[in-house]
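Trainee: I'm passing along upload18.cif; it holds mmCIF, C-alpha atoms.
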data_coords
loop_
_atom_site.label_atom_id
_atom_site.label_comp_id
_atom_site.auth_asym_id
_atom_site.auth_seq_id
_atom_site.Cartn_x
_atom_site.Cartn_y
_atom_site.Cartn_z
CA MET A 1 0.00 0.00 0.00
CA GLU A 2 1.35 3.43 -0.97
CA LEU A 3 1.03 6.14 1.66
CA THR A 4 0.28 9.71 0.71
CA LYS A 5 2.83 12.29 1.87
CA GLU A 6 0.52 13.31 4.72
CA GLN A 7 -0.05 9.71 5.79
CA ALA A 8 3.67 9.00 5.69
CA GLN A 9 4.43 12.08 7.82
CA GLU A 10 1.77 11.16 10.37
CA PHE A 11 3.08 7.60 10.59
CA ILE A 12 6.63 8.89 11.18
CA ALA A 13 5.49 11.46 13.75
CA ARG A 14 3.54 8.78 15.67
CA ARG A 15 6.57 6.52 15.72
CA VAL A 16 8.87 9.34 16.89
CA ALA A 17 6.49 10.06 19.78
CA GLN A 18 7.04 6.52 21.08
CA GLU A 19 10.68 7.43 21.81
CA PHE A 20 9.85 10.07 24.39
CA ARG A 21 9.98 9.24 28.11
CA ASN A 22 8.28 11.11 30.90
CA GLY A 23 10.21 14.26 31.78
CA ASP A 24 12.45 14.26 28.69
CA VAL A 25 13.68 17.66 27.52
CA VAL A 26 13.17 17.57 23.77
CA THR A 27 14.04 19.81 20.85
CA LEU A 28 12.18 19.36 17.60
CA GLY A 29 13.11 20.61 14.16
CA ILE A 30 10.65 22.63 12.09
CA GLY A 31 8.09 20.63 10.07
CA LEU A 32 7.66 16.90 10.51
CA PRO A 33 9.59 16.58 13.82
CA THR A 34 7.33 19.18 15.46
CA LYS A 35 4.28 17.06 14.64
CA ALA A 36 5.48 14.31 16.99
CA VAL A 37 4.14 16.10 20.10
CA SER A 38 0.60 15.63 18.78
CA TYR A 39 0.96 11.87 19.23
CA LEU A 40 2.46 11.67 22.72
CA PRO A 41 1.23 8.68 24.71
CA GLN A 42 -1.26 9.84 27.35
CA ASP A 43 0.95 9.00 30.30
CA VAL A 44 4.01 10.78 28.88
CA SER A 45 4.76 14.43 29.52
CA ILE A 46 7.81 16.10 27.99
CA ILE A 47 9.41 19.55 28.12
CA VAL A 48 9.81 21.00 24.63
CA GLN A 49 12.65 23.45 24.13
CA SER A 50 12.60 25.94 21.26
CA GLU A 51 15.90 27.48 20.14
CA ASN A 52 14.52 31.01 20.06
CA GLY A 53 14.20 30.94 23.83
CA VAL A 54 11.17 29.01 25.06
CA LEU A 55 11.47 26.11 27.51
CA GLY A 56 8.13 24.35 27.96
CA VAL A 57 6.45 25.06 24.61
CA GLY A 58 2.70 24.38 24.85
CA THR A 59 0.06 24.39 22.13
CA TYR A 60 -0.38 26.64 19.12
CA GLN A 61 -2.13 29.91 19.90
CA ASP A 62 -5.80 30.37 19.07
CA GLU A 63 -8.09 33.39 19.31
CA THR A 64 -8.22 33.01 23.12
CA CYS A 65 -4.48 33.48 23.63
CA ARG A 66 -2.95 35.61 20.84
CA ASP A 67 0.46 37.02 21.79
CA SER A 68 2.87 38.02 19.01
CA HIS A 69 5.73 38.02 21.53
CA ILE A 70 5.66 34.24 22.01
CA ILE A 71 6.72 32.18 19.01
CA ASN A 72 8.48 28.91 18.30
CA ALA A 73 11.57 28.56 16.12
CA GLY A 74 9.36 28.35 13.04
CA GLY A 75 7.89 31.76 13.81
CA VAL A 76 4.49 30.32 14.79
CA GLY A 77 2.62 31.68 17.83
CA VAL A 78 2.65 29.19 20.70
CA THR A 79 1.73 29.06 24.38
CA ILE A 80 4.02 28.22 27.26
CA ASN A 81 3.22 25.46 29.75
CA ALA A 82 3.11 25.83 33.52
CA GLY A 83 6.65 25.54 34.83
CA GLY A 84 8.13 26.84 31.61
CA CYS A 85 10.31 29.90 31.13
CA PHE A 86 11.75 32.25 28.54
CA VAL A 87 15.49 32.54 28.00
CA ASP A 88 17.88 34.47 25.76
CA SER A 89 19.87 32.95 22.90
CA LEU A 90 22.97 32.33 25.04
CA MET A 91 21.03 30.31 27.61
CA SER A 92 19.07 28.51 24.91
CA PHE A 93 22.19 27.33 23.10
CA SER A 94 23.95 26.52 26.37
CA MET A 95 21.14 24.01 26.98
CA MET A 96 21.86 22.39 23.63
CA ARG A 97 25.63 22.37 23.49
CA GLY A 98 25.99 21.64 27.20
CA GLY A 99 24.26 18.27 27.05
CA HIS A 100 21.02 19.30 28.75
CA ILE A 101 18.68 18.13 25.99
CA ASP A 102 17.63 14.47 26.14
CA ILE A 103 16.33 13.99 22.62
CA THR A 104 16.64 16.07 19.46
CA VAL A 105 14.55 15.22 16.40
CA LEU A 106 15.51 16.72 13.06
CA GLY A 107 14.62 16.26 9.42
CA ALA A 108 17.34 15.47 6.89
CA LEU A 109 18.23 15.83 3.25
CA GLN A 110 20.67 12.95 3.64
CA VAL A 111 21.90 10.68 6.41
CA ASP A 112 24.57 7.99 6.18
CA VAL A 113 25.84 4.78 7.75
CA GLU A 114 28.36 6.69 9.88
CA GLY A 115 25.67 8.80 11.49
CA ASN A 116 26.48 11.88 9.44
CA LEU A 117 23.63 14.27 8.74
CA ALA A 118 23.15 16.82 5.96
CA ASN A 119 20.19 19.17 6.22
CA TRP A 120 21.22 22.79 5.71
CA CYS A 121 22.49 23.31 2.19
CA ILE A 122 22.27 22.11 -1.41
CA PRO A 123 25.15 24.04 -3.03
CA GLY A 124 23.97 26.36 -5.77
CA LYS A 125 20.30 25.51 -5.23
CA PHE A 126 19.23 25.90 -1.64
CA THR A 127 21.20 27.66 1.05
CA PRO A 128 18.86 28.64 3.87
CA GLY A 129 21.61 28.40 6.47
CA MET A 130 22.04 26.11 9.43
CA GLY A 131 20.19 28.28 11.94
CA GLY A 132 20.47 26.38 15.21
CA ALA A 133 20.74 22.89 13.71
CA MET A 134 24.50 22.48 14.14
CA ASP A 135 24.34 23.54 17.79
CA LEU A 136 21.34 21.27 18.41
CA VAL A 137 23.15 18.18 17.25
CA ALA A 138 26.41 19.04 19.05
CA GLY A 139 25.34 18.26 22.59
CA THR A 140 22.10 16.30 22.54
CA LYS A 141 22.05 12.95 24.34
CA LYS A 142 20.12 11.30 21.51
CA LEU A 143 19.68 12.46 17.92
CA ILE A 144 16.79 11.05 15.91
CA VAL A 145 16.44 11.78 12.21
CA ALA A 146 12.77 11.73 11.21
CA MET A 147 12.17 11.92 7.48
CA GLU A 148 10.47 10.34 4.51
CA HIS A 149 12.54 7.41 3.30
CA THR A 150 13.17 8.82 -0.16
CA ALA A 151 12.96 12.19 -1.93
CA LYS A 152 11.05 11.87 -5.21
CA GLY A 153 12.08 8.22 -5.29
CA SER A 154 15.78 8.87 -4.62
CA PRO A 155 17.32 7.32 -1.51
CA LYS A 156 18.16 9.68 1.36
CA ILE A 157 19.88 7.01 3.47
CA LEU A 158 23.31 6.63 1.91
CA LYS A 159 26.74 5.06 2.33
CA ARG A 160 28.14 8.56 2.54
CA CYS A 161 26.42 11.96 2.51
CA THR A 162 27.31 14.00 -0.57
CA LEU A 163 25.85 17.33 0.64
CA PRO A 164 27.58 19.67 3.12
CA LEU A 165 27.30 18.14 6.59
CA THR A 166 25.39 19.47 9.56
CA ALA A 167 26.81 16.90 11.96
CA VAL A 168 29.55 14.29 11.95
CA HIS A 169 28.92 10.88 13.62
CA LYS A 170 25.98 12.19 15.65
CA VAL A 171 22.84 10.41 14.44
CA ASP A 172 21.60 7.64 16.77
CA MET A 173 18.37 6.60 15.09
CA ILE A 174 16.54 7.03 11.77
CA ILE A 175 12.75 6.84 11.60
CA THR A 176 10.99 6.77 8.23
CA GLU A 177 7.61 5.54 6.97
CA LYS A 178 9.31 2.32 5.89
CA ALA A 179 11.77 1.53 8.65
CA VAL A 180 13.49 2.26 11.93
CA PHE A 181 17.28 2.01 11.96
CA ASP A 182 19.72 2.31 14.81
CA VAL A 183 23.07 3.81 13.89
CA SER A 184 25.72 1.70 15.61
CA PRO A 185 29.52 1.78 15.46
CA ARG A 186 29.18 -1.14 13.01
CA GLY A 187 26.84 0.84 10.76
CA LEU A 188 23.10 0.75 10.23
CA VAL A 189 20.97 -1.83 11.99
CA LEU A 190 17.41 -2.33 10.76
CA ARG A 191 15.22 -2.68 13.87
CA GLU A 192 11.67 -2.29 12.55
CA ILE A 193 9.90 -2.79 9.23
CA SER A 194 6.76 -0.70 8.90
CA PRO A 195 3.45 -2.36 7.93
CA TYR A 196 3.67 -0.29 4.75
CA SER A 197 6.99 -1.77 3.63
CA SER A 198 9.03 -4.96 3.38
CA LEU A 199 12.68 -5.92 3.66
CA GLU A 200 12.93 -6.03 -0.15
CA ASP A 201 11.35 -2.58 -0.44
CA ILE A 202 13.73 -1.15 2.19
CA ARG A 203 16.76 -2.69 0.49
CA SER A 204 15.76 -1.25 -2.87
CA THR A 205 15.18 2.27 -1.49
CA THR A 206 18.21 2.49 0.80
CA ASP A 207 21.58 3.21 -0.81
CA ALA A 208 23.58 1.57 1.97
CA ASP A 209 24.18 -1.84 3.50
CA PHE A 210 22.58 -2.61 6.82
CA GLU A 211 22.35 -5.42 9.36
CA VAL A 212 18.93 -6.85 10.09
CA ASP A 213 18.24 -7.29 13.81
CA LEU A 214 14.51 -6.83 14.24
CA ARG A 215 13.06 -6.10 17.68
CA MET B 1 19.27 59.04 33.30
CA ILE B 2 19.28 57.73 29.77
CA LYS B 3 18.37 60.14 27.00
CA ILE B 4 15.13 59.37 25.19
CA ILE B 5 15.35 60.15 21.47
CA THR B 6 13.12 59.80 18.44
CA PRO B 7 13.80 57.31 15.62
CA THR B 8 14.77 60.27 13.39
CA GLU B 9 17.23 61.58 15.97
CA ALA B 10 18.78 58.12 16.10
CA LEU B 11 19.93 58.54 12.49
CA GLN B 12 22.79 60.83 13.64
CA PHE B 13 24.64 57.73 14.89
CA PHE B 14 24.65 55.96 11.52
CA GLN B 15 27.20 56.22 8.69
CA SER B 16 27.57 54.22 5.50
CA GLY B 17 29.86 51.21 5.86
CA GLN B 18 29.24 50.66 9.55
CA THR B 19 28.74 47.32 11.23
CA LEU B 20 25.28 47.09 12.78
CA MET B 21 23.79 44.63 15.21
CA VAL B 22 20.01 44.31 15.10
CA GLY B 23 18.11 42.19 17.62
CA GLY B 24 15.21 39.85 16.93
CA PHE B 25 14.32 36.34 15.83
CA LEU B 26 12.13 36.25 12.71
CA ASN B 27 9.37 38.78 13.54
CA CYS B 28 9.70 38.49 17.31
CA GLY B 29 11.46 41.18 19.35
CA VAL B 30 12.59 43.25 16.38
CA PRO B 31 13.34 46.98 16.72
CA ASN B 32 11.41 48.34 13.74
CA LEU B 33 11.23 52.08 14.34
CA VAL B 34 14.87 52.85 13.51
CA ILE B 35 14.81 50.47 10.53
CA ASP B 36 11.75 52.33 9.18
CA GLU B 37 13.80 55.57 9.22
CA LEU B 38 17.10 54.10 8.08
CA ILE B 39 15.66 52.79 4.81
CA LYS B 40 14.62 56.35 3.87
CA THR B 41 18.21 57.63 4.03
CA PRO B 42 20.94 57.36 1.36
CA LEU B 43 23.15 55.50 3.86
CA THR B 44 24.34 52.10 2.59
CA ASP B 45 27.01 49.36 2.62
CA PHE B 46 26.24 48.20 6.13
CA THR B 47 27.44 44.92 7.57
CA LEU B 48 24.46 43.42 9.40
CA ILE B 49 24.94 41.10 12.36
CA SER B 50 21.62 39.53 13.24
CA ASN B 51 20.10 36.09 13.75
CA ASP B 52 18.34 36.12 10.38
CA THR B 53 17.20 38.61 7.74
CA GLY B 54 13.51 38.38 8.58
CA GLU B 55 10.98 37.96 5.84
CA ALA B 56 10.84 39.65 2.43
CA GLY B 57 10.35 43.38 2.93
CA ILE B 58 9.34 43.01 6.60
CA ASN B 59 11.34 44.35 9.57
CA ARG B 60 15.00 43.52 8.95
CA GLY B 61 13.94 42.36 5.48
CA GLN B 62 13.35 46.04 4.67
CA LEU B 63 17.11 46.64 4.94
CA ILE B 64 17.74 43.89 2.41
CA ARG B 65 15.05 45.12 -0.01
CA ALA B 66 16.35 48.71 0.25
CA GLY B 67 19.85 47.53 -0.71
CA LYS B 68 21.39 48.74 2.52
CA ILE B 69 23.30 45.58 3.36
CA LYS B 70 26.68 44.74 1.82
CA LYS B 71 27.32 41.77 4.08
CA ALA B 72 25.17 39.78 6.48
CA ILE B 73 26.58 37.72 9.36
CA VAL B 74 23.58 35.58 10.29
CA SER B 75 22.57 31.99 11.07
CA HIS B 76 19.73 31.70 8.58
CA ILE B 77 18.45 33.44 5.43
CA GLY B 78 15.87 30.86 4.28
CA THR B 79 12.87 32.85 5.52
CA ASN B 80 13.73 35.77 3.23
CA PRO B 81 13.79 34.74 -0.46
CA GLU B 82 15.13 38.19 -1.41
CA THR B 83 18.28 37.61 0.64
CA VAL B 84 18.65 34.14 -0.90
CA GLN B 85 18.31 35.59 -4.41
CA LEU B 86 20.84 38.40 -3.82
CA TYR B 87 23.21 35.85 -2.30
CA ASN B 88 22.85 33.50 -5.28
CA GLU B 89 23.44 36.43 -7.63
CA GLY B 90 26.56 37.43 -5.70
CA LYS B 91 25.08 40.83 -4.82
CA ILE B 92 25.32 40.35 -1.08
CA GLU B 93 27.96 38.65 0.99
CA VAL B 94 26.58 36.22 3.57
CA ASP B 95 28.53 34.60 6.40
CA LEU B 96 26.36 31.78 7.74
CA GLU B 97 27.22 30.96 11.33
CA PRO B 98 25.70 28.37 13.64
CA GLN B 99 23.26 30.31 15.80
CA GLY B 100 24.84 29.41 19.12
CA SER B 101 28.29 30.34 17.84
CA LEU B 102 26.95 33.67 16.56
CA ALA B 103 25.54 34.39 20.02
CA GLU B 104 28.77 33.42 21.75
CA ARG B 105 30.86 35.58 19.39
CA ILE B 106 28.77 38.58 20.37
CA ARG B 107 29.04 37.70 24.04
CA ALA B 108 32.80 37.21 23.71
CA ASP B 109 33.19 40.82 22.58
CA GLY B 110 30.91 42.16 25.26
CA ALA B 111 32.53 40.04 27.97
CA GLY B 112 36.10 40.96 27.05
CA LEU B 113 37.06 37.49 25.85
CA GLY B 114 39.54 36.89 23.02
CA GLY B 115 37.26 34.25 21.53
CA ILE B 116 35.49 31.04 22.44
CA LEU B 117 36.17 27.36 21.69
CA THR B 118 33.18 25.40 20.43
CA PRO B 119 32.76 21.87 19.07
CA VAL B 120 29.96 23.12 16.82
CA GLY B 121 30.84 22.94 13.14
CA VAL B 122 33.88 20.66 13.47
CA GLY B 123 34.04 18.49 10.35
CA THR B 124 31.70 20.77 8.40
CA GLU B 125 32.08 23.74 6.05
CA VAL B 126 31.90 26.03 9.08
CA GLU B 127 35.54 25.10 9.74
CA LYS B 128 36.69 27.07 6.68
CA GLY B 129 39.12 29.84 7.60
CA LYS B 130 38.89 29.08 11.30
CA GLN B 131 41.59 27.85 13.63
CA LYS B 132 41.00 24.33 14.97
CA ILE B 133 42.30 23.63 18.44
CA ALA B 134 42.63 20.18 20.05
CA LEU B 135 42.12 20.18 23.80
CA ASN B 136 41.84 17.12 26.04
CA GLY B 137 41.41 14.90 23.00
CA LYS B 138 38.56 16.86 21.45
CA ASP B 139 38.57 19.28 18.51
CA TYR B 140 37.16 22.79 18.82
CA LEU B 141 36.84 25.78 16.54
CA LEU B 142 38.14 29.14 17.70
CA GLU B 143 35.33 31.64 17.18
CA THR B 144 36.41 35.25 17.38
CA PRO B 145 34.52 38.20 18.94
CA LEU B 146 32.02 40.26 16.95
CA HIS B 147 31.75 43.99 17.60
CA ALA B 148 29.40 46.58 16.12
CA ASP B 149 29.52 50.32 15.64
CA VAL B 150 25.83 50.56 16.48
CA ALA B 151 23.45 48.04 18.06
CA VAL B 152 19.71 48.53 17.75
CA VAL B 153 17.69 46.24 19.98
CA TYR B 154 14.17 45.75 21.26
CA ALA B 155 12.95 45.63 24.86
CA THR B 156 9.42 45.28 26.18
CA TYR B 157 10.07 47.35 29.28
CA ALA B 158 12.67 50.00 30.10
CA ASP B 159 13.10 52.50 32.91
CA LYS B 160 14.85 55.85 32.72
CA PHE B 161 18.07 54.27 33.93
CA GLY B 162 18.14 52.18 30.75
CA ASN B 163 17.39 48.93 32.58
CA LEU B 164 15.57 46.49 30.33
CA ALA B 165 13.08 43.65 30.80
CA PHE B 166 11.33 41.40 28.33
CA HIS B 167 8.06 39.62 27.68
CA GLY B 168 7.82 36.20 26.06
CA SER B 169 10.38 35.02 23.56
CA THR B 170 11.62 38.52 22.73
CA ARG B 171 14.90 38.19 24.63
CA ASN B 172 16.80 36.30 21.92
CA PHE B 173 19.80 38.40 20.78
CA ASN B 174 18.41 41.61 22.32
CA VAL B 175 19.97 40.65 25.64
CA LEU B 176 23.49 40.14 24.28
CA MET B 177 23.98 42.80 21.65
CA PRO B 178 23.99 45.79 24.04
CA MET B 179 27.27 44.47 25.46
CA ALA B 180 29.06 44.49 22.13
CA ALA B 181 28.59 47.85 20.39
CA ASP B 182 29.94 51.41 20.62
CA VAL B 183 26.47 52.96 20.50
CA VAL B 184 23.44 51.10 21.85
CA ILE B 185 19.93 52.22 20.92
CA VAL B 186 16.99 50.45 22.53
CA GLU B 187 13.40 50.57 21.29
CA ALA B 188 11.26 49.91 24.33
CA GLU B 189 7.53 49.32 24.07
CA HIS B 190 6.97 50.72 27.53
CA ILE B 191 9.19 53.25 29.28
CA SER B 192 8.20 53.53 32.91
CA ALA B 193 8.68 56.59 35.09
CA GLU B 194 9.30 54.30 38.05
CA PRO B 195 12.49 52.21 38.10
CA LEU B 196 12.06 48.56 37.18
CA SER B 197 12.39 46.23 40.14
CA PRO B 198 16.07 45.30 40.44
CA ASP B 199 14.87 41.69 40.64
CA ASN B 200 13.37 41.89 37.15
CA VAL B 201 16.10 43.72 35.23
CA VAL B 202 17.52 41.46 32.48
CA VAL B 203 19.87 43.95 30.78
CA PRO B 204 21.53 46.46 33.14
CA GLY B 205 21.19 50.08 32.06
CA ILE B 206 24.96 50.61 31.94
CA PHE B 207 24.97 48.89 28.54
CA VAL B 208 22.36 51.24 27.08
CA ASP B 209 23.04 54.66 25.53
CA TYR B 210 19.70 55.83 24.13
CA LEU B 211 16.06 54.82 24.47
CA ILE B 212 13.35 55.19 21.89
CA ASP B 213 9.80 55.21 23.18
CA GLY B 214 7.79 52.57 21.34
CA GLY B 215 4.73 54.40 22.59
CA ARG B 216 2.87 51.40 23.94
CA ASN B 217 2.55 52.74 27.48
CA GLY B 218 -1.06 52.28 28.44
CA ALA B 219 -1.74 50.42 25.19
CA ASP B 220 -2.09 47.05 26.86
#
How does the structure come out when it is put into structure tokens?
Mentor:
Amino acid sequence: MELTKEQAQEFIARRVAQEFRNGDVVTLGIGLPTKAVSYLPQDVSIIVQSENGVLGVGTYQDETCRDSHIINAGGVGVTINAGGCFVDSLMSFSMMRGGHIDITVLGALQVDVEGNLANWCIPGKFTPGMGGAMDLVAGTKKLIVAMEHTAKGSPKILKRCTLPLTAVHKVDMIITEKAVFDVSPRGLVLREISPYSSLEDIRSTTDADFEVDLR
Amino acid sequence: MIKIITPTEALQFFQSGQTLMVGGFLNCGVPNLVIDELIKTPLTDFTLISNDTGEAGINRGQLIRAGKIKKAIVSHIGTNPETVQLYNEGKIEVDLEPQGSLAERIRADGAGLGGILTPVGVGTEVEKGKQKIALNGKDYLLETPLHADVAVVYATYADKFGNLAFHGSTRNFNVLMPMAADVVIVEAEHISAEPLSPDNVVVPGIFVDYLIDGGRNGAD
């Protein structure tokens, strides 16, 4: 069964949410990673950190709570949860680099068997800049890449990233609509096959070797 | 007491070719009043140090659209397609810096440090032109201080001593930049006659040279 883009993203976001443990401090990249909070298990409560200086990001704002002075890193108006606080950029990035974030979830253009990640630049075509991504990956205890398995049919999981890197040897886990991989010192280990895929399908859409050690 | 000036009076501190720091993250906590005046002048060739270049034609994006910026030292330009286009056409120089390193470079200047050592960017293109230093078995990049001729920042609250306080996620770079510039101009939404509580001051007034009244006193 082929998933639509929306279905694939929801499946990935739901799977990412299973990785969170009660009390985790979590930073989520813009887009797909941010959707994971919508699928938190009921008994799990996490503290979401946003690089622009919000610790304890709540819901999106609605007409009952408009405040243009409270945004997330994507520029969208959000609320702040009880127990949260606002910080400046120095404090925000100290949290990241200093190892105070439990889990970081980012999207990727490419990721490879050595845990390298590329997500900030396609030379000559797309140079938005790294923003906070390089700092985010530097100190996080666990880095999850959450992305669609391929881009217009082309593999994004590779032997070696060809685009400029965001992080070197930092990725711990890759979650796509087809598979979950752990990144180990030996390389990629396939841990889960999604109901929407098969080992043959994963092999044919992944441009890298991997061990199979299913949970 | 800190002198309160108008956005037009603030123009006396600007000259073509200066390095400017402007606070804000996307459209949050951006000092717009001085930018609105600056784009009307013939002044140009500024180096802009800021987190990003805003959105096309909005807040800091106005400086890009008006052709005021020769070089931008920022962490991100993706939200402003006009900056991306000028960059691709070679009409603007852009130094992309990891956001945390950009913040620390500003702090280093303000705090009197010769630089900072960070692991961020090791093994990536960010290394280019930077000194790599191995310490206790780990590689770091030496990031050097950033200083500005003029810093323009936002505050939600100010008192007449120049003390600043902030609401929501407006602190971002507004808290650091006042430490690292020759002339510091603060646009405050509310300027109170009474001193802010010393417990609530985030930026001490000694870093502030001029206040601009954002005129929101009593507005909310």
Trainee: Distance table requested - region 66-185 of chain B against region 38-60 of chain B, cut-off 12 Å, all atoms listed in the file: one row per qualifying residue with the closest atom pair and its distance in Å to one decimal, ordered by chain and rising residue number, as a tab-separated table.
Mentor:
residue	atom	partner	partner_atom	distance
B:Ala66	CA	B:Ile39	CA	6.2
B:Gly67	CA	B:Thr44	CA	7.2
B:Lys68	CA	B:Thr44	CA	4.5
B:Ile69	CA	B:Phe46	CA	4.8
B:Lys70	CA	B:Asp45	CA	4.7
B:Lys71	CA	B:Thr47	CA	4.7
B:Ala72	CA	B:Leu48	CA	4.7
B:Ile73	CA	B:Ile49	CA	4.8
B:Val74	CA	B:Asn51	CA	4.9
B:Ser75	CA	B:Asn51	CA	5.5
B:His76	CA	B:Asp52	CA	5.0
B:Ile77	CA	B:Asp52	CA	5.6
B:Gly78	CA	B:Asp52	CA	8.4
B:Thr79	CA	B:Glu55	CA	5.5
B:Asn80	CA	B:Glu55	CA	4.4
B:Pro81	CA	B:Ala56	CA	6.4
B:Glu82	CA	B:Ala56	CA	5.9
B:Thr83	CA	B:Thr53	CA	7.3
B:Val84	CA	B:Thr53	CA	9.8
B:Gln85	CA	B:Ala56	CA	10.9
B:Leu86	CA	B:Ala56	CA	11.9
B:Lys91	CA	B:Asp45	CA	11.5
B:Ile92	CA	B:Asp45	CA	9.9
B:Glu93	CA	B:Thr47	CA	9.1
B:Val94	CA	B:Leu48	CA	9.5
B:Asp95	CA	B:Ile49	CA	9.5
B:Leu96	CA	B:Asp52	CA	9.5
B:Glu97	CA	B:Asn51	CA	9.1
B:Pro98	CA	B:Asn51	CA	9.5
B:Gln99	CA	B:Asn51	CA	6.9
B:Gly100	CA	B:Asn51	CA	9.8
B:Ser101	CA	B:Asn51	CA	10.8
B:Leu102	CA	B:Asn51	CA	7.8
B:Ala103	CA	B:Asn51	CA	8.5
B:Arg105	CA	B:Ile49	CA	10.7
B:Ile106	CA	B:Ile49	CA	9.2
B:Pro145	CA	B:Ile49	CA	12.0
B:Leu146	CA	B:Ile49	CA	8.5
B:His147	CA	B:Ile49	CA	9.1
B:Ala148	CA	B:Ile49	CA	8.0
B:Asp149	CA	B:Thr47	CA	9.9
B:Val150	CA	B:Leu48	CA	10.1
B:Ala151	CA	B:Ile49	CA	9.1
B:Val152	CA	B:Ser50	CA	10.2
B:Val153	CA	B:Ser50	CA	10.3
B:Asn172	CA	B:Asn51	CA	8.8
B:Phe173	CA	B:Asn51	CA	7.4
B:Asn174	CA	B:Ser50	CA	9.9
B:Leu176	CA	B:Ser50	CA	11.2
B:Met177	CA	B:Ser50	CA	9.3
B:Ala180	CA	B:Ile49	CA	11.1
B:Ala181	CA	B:Ile49	CA	11.1
Trainee: Smallest atom-to-atom distance to chain A: which of B:Gly61, B:Pro31, B:Gly17, B:Gly123, using all atoms listed in the file?
Mentor: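 With all atoms listed in the file as the atom set, the closest residue is B:Gly123.
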Trainee: What is the distance, in Å and to one decimal place, between CA of Gly56 (chain A) and CA of Val26 (chain A)?
Mentor: 9.4 Å
Trainee: Please evaluate the PyMOL selection byres ((chain B and resi 183-190) around 10) against the displayed coordinates and give the resulting residues as a ChimeraX atom specification.
Mentor: /B:4-7,10,13-14,20-23,29-34,148-159,162,164-166,174,177-182,191-193,207-220
Trainee: Evaluating the PyMOL selection byres ((chain A and resi 86) around 8) on the displayed file yields which residues, as a ChimeraX atom specification?
Mentor: /A:53-55,84-85,87-88 /B:168-169,171
Trainee: With the PyMOL selection byres ((chain A and resi 208-210) around 8) as the selection, what would be picked from this file? Answer as a list in words, please.
Mentor: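 For this structure, the PyMOL selection byres ((chain A and resi 208-210) around 8) captures Asp112, Val113, Ile157, Leu158, Lys159, Gly187, Leu188, Val189, Leu190, Thr206, Asp207, Glu211 and Val212 of chain A.
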Trainee: Is there a way to get, as a PDB file with C-alpha atoms, keeping the file's coordinate frame, all residues within 9 Å of the point (22.4, 28.8, -1.5) in file coordinates, counting all atoms listed in the file?
Mentor:
ATOM      1  CA  CYS A 121      22.490  23.310   2.190  1.00  0.00           C
ATOM      2  CA  ILE A 122      22.270  22.110  -1.410  1.00  0.00           C
ATOM      3  CA  PRO A 123      25.150  24.040  -3.030  1.00  0.00           C
ATOM      4  CA  GLY A 124      23.970  26.360  -5.770  1.00  0.00           C
ATOM      5  CA  LYS A 125      20.300  25.510  -5.230  1.00  0.00           C
ATOM      6  CA  PHE A 126      19.230  25.900  -1.640  1.00  0.00           C
ATOM      7  CA  THR A 127      21.200  27.660   1.050  1.00  0.00           C
ATOM      8  CA  PRO A 128      18.860  28.640   3.870  1.00  0.00           C
ATOM      9  CA  GLY A 129      21.610  28.400   6.470  1.00  0.00           C
TER      10      GLY A 129
ATOM     11  CA  GLY B  78      15.870  30.860   4.280  1.00  0.00           C
ATOM     12  CA  VAL B  84      18.650  34.140  -0.900  1.00  0.00           C
ATOM     13  CA  GLN B  85      18.310  35.590  -4.410  1.00  0.00           C
ATOM     14  CA  TYR B  87      23.210  35.850  -2.300  1.00  0.00           C
ATOM     15  CA  ASN B  88      22.850  33.500  -5.280  1.00  0.00           C
TER      16      ASN B  88
END
Trainee: What's the 9 Å shell around region 61-67 of chain A, counting all atoms listed in the file, without same-chain residues fewer than 3 positions away, as a PyMOL selection string?
Mentor: (chain A and resi 58+70-71+76-79) or (chain B and resi 168)
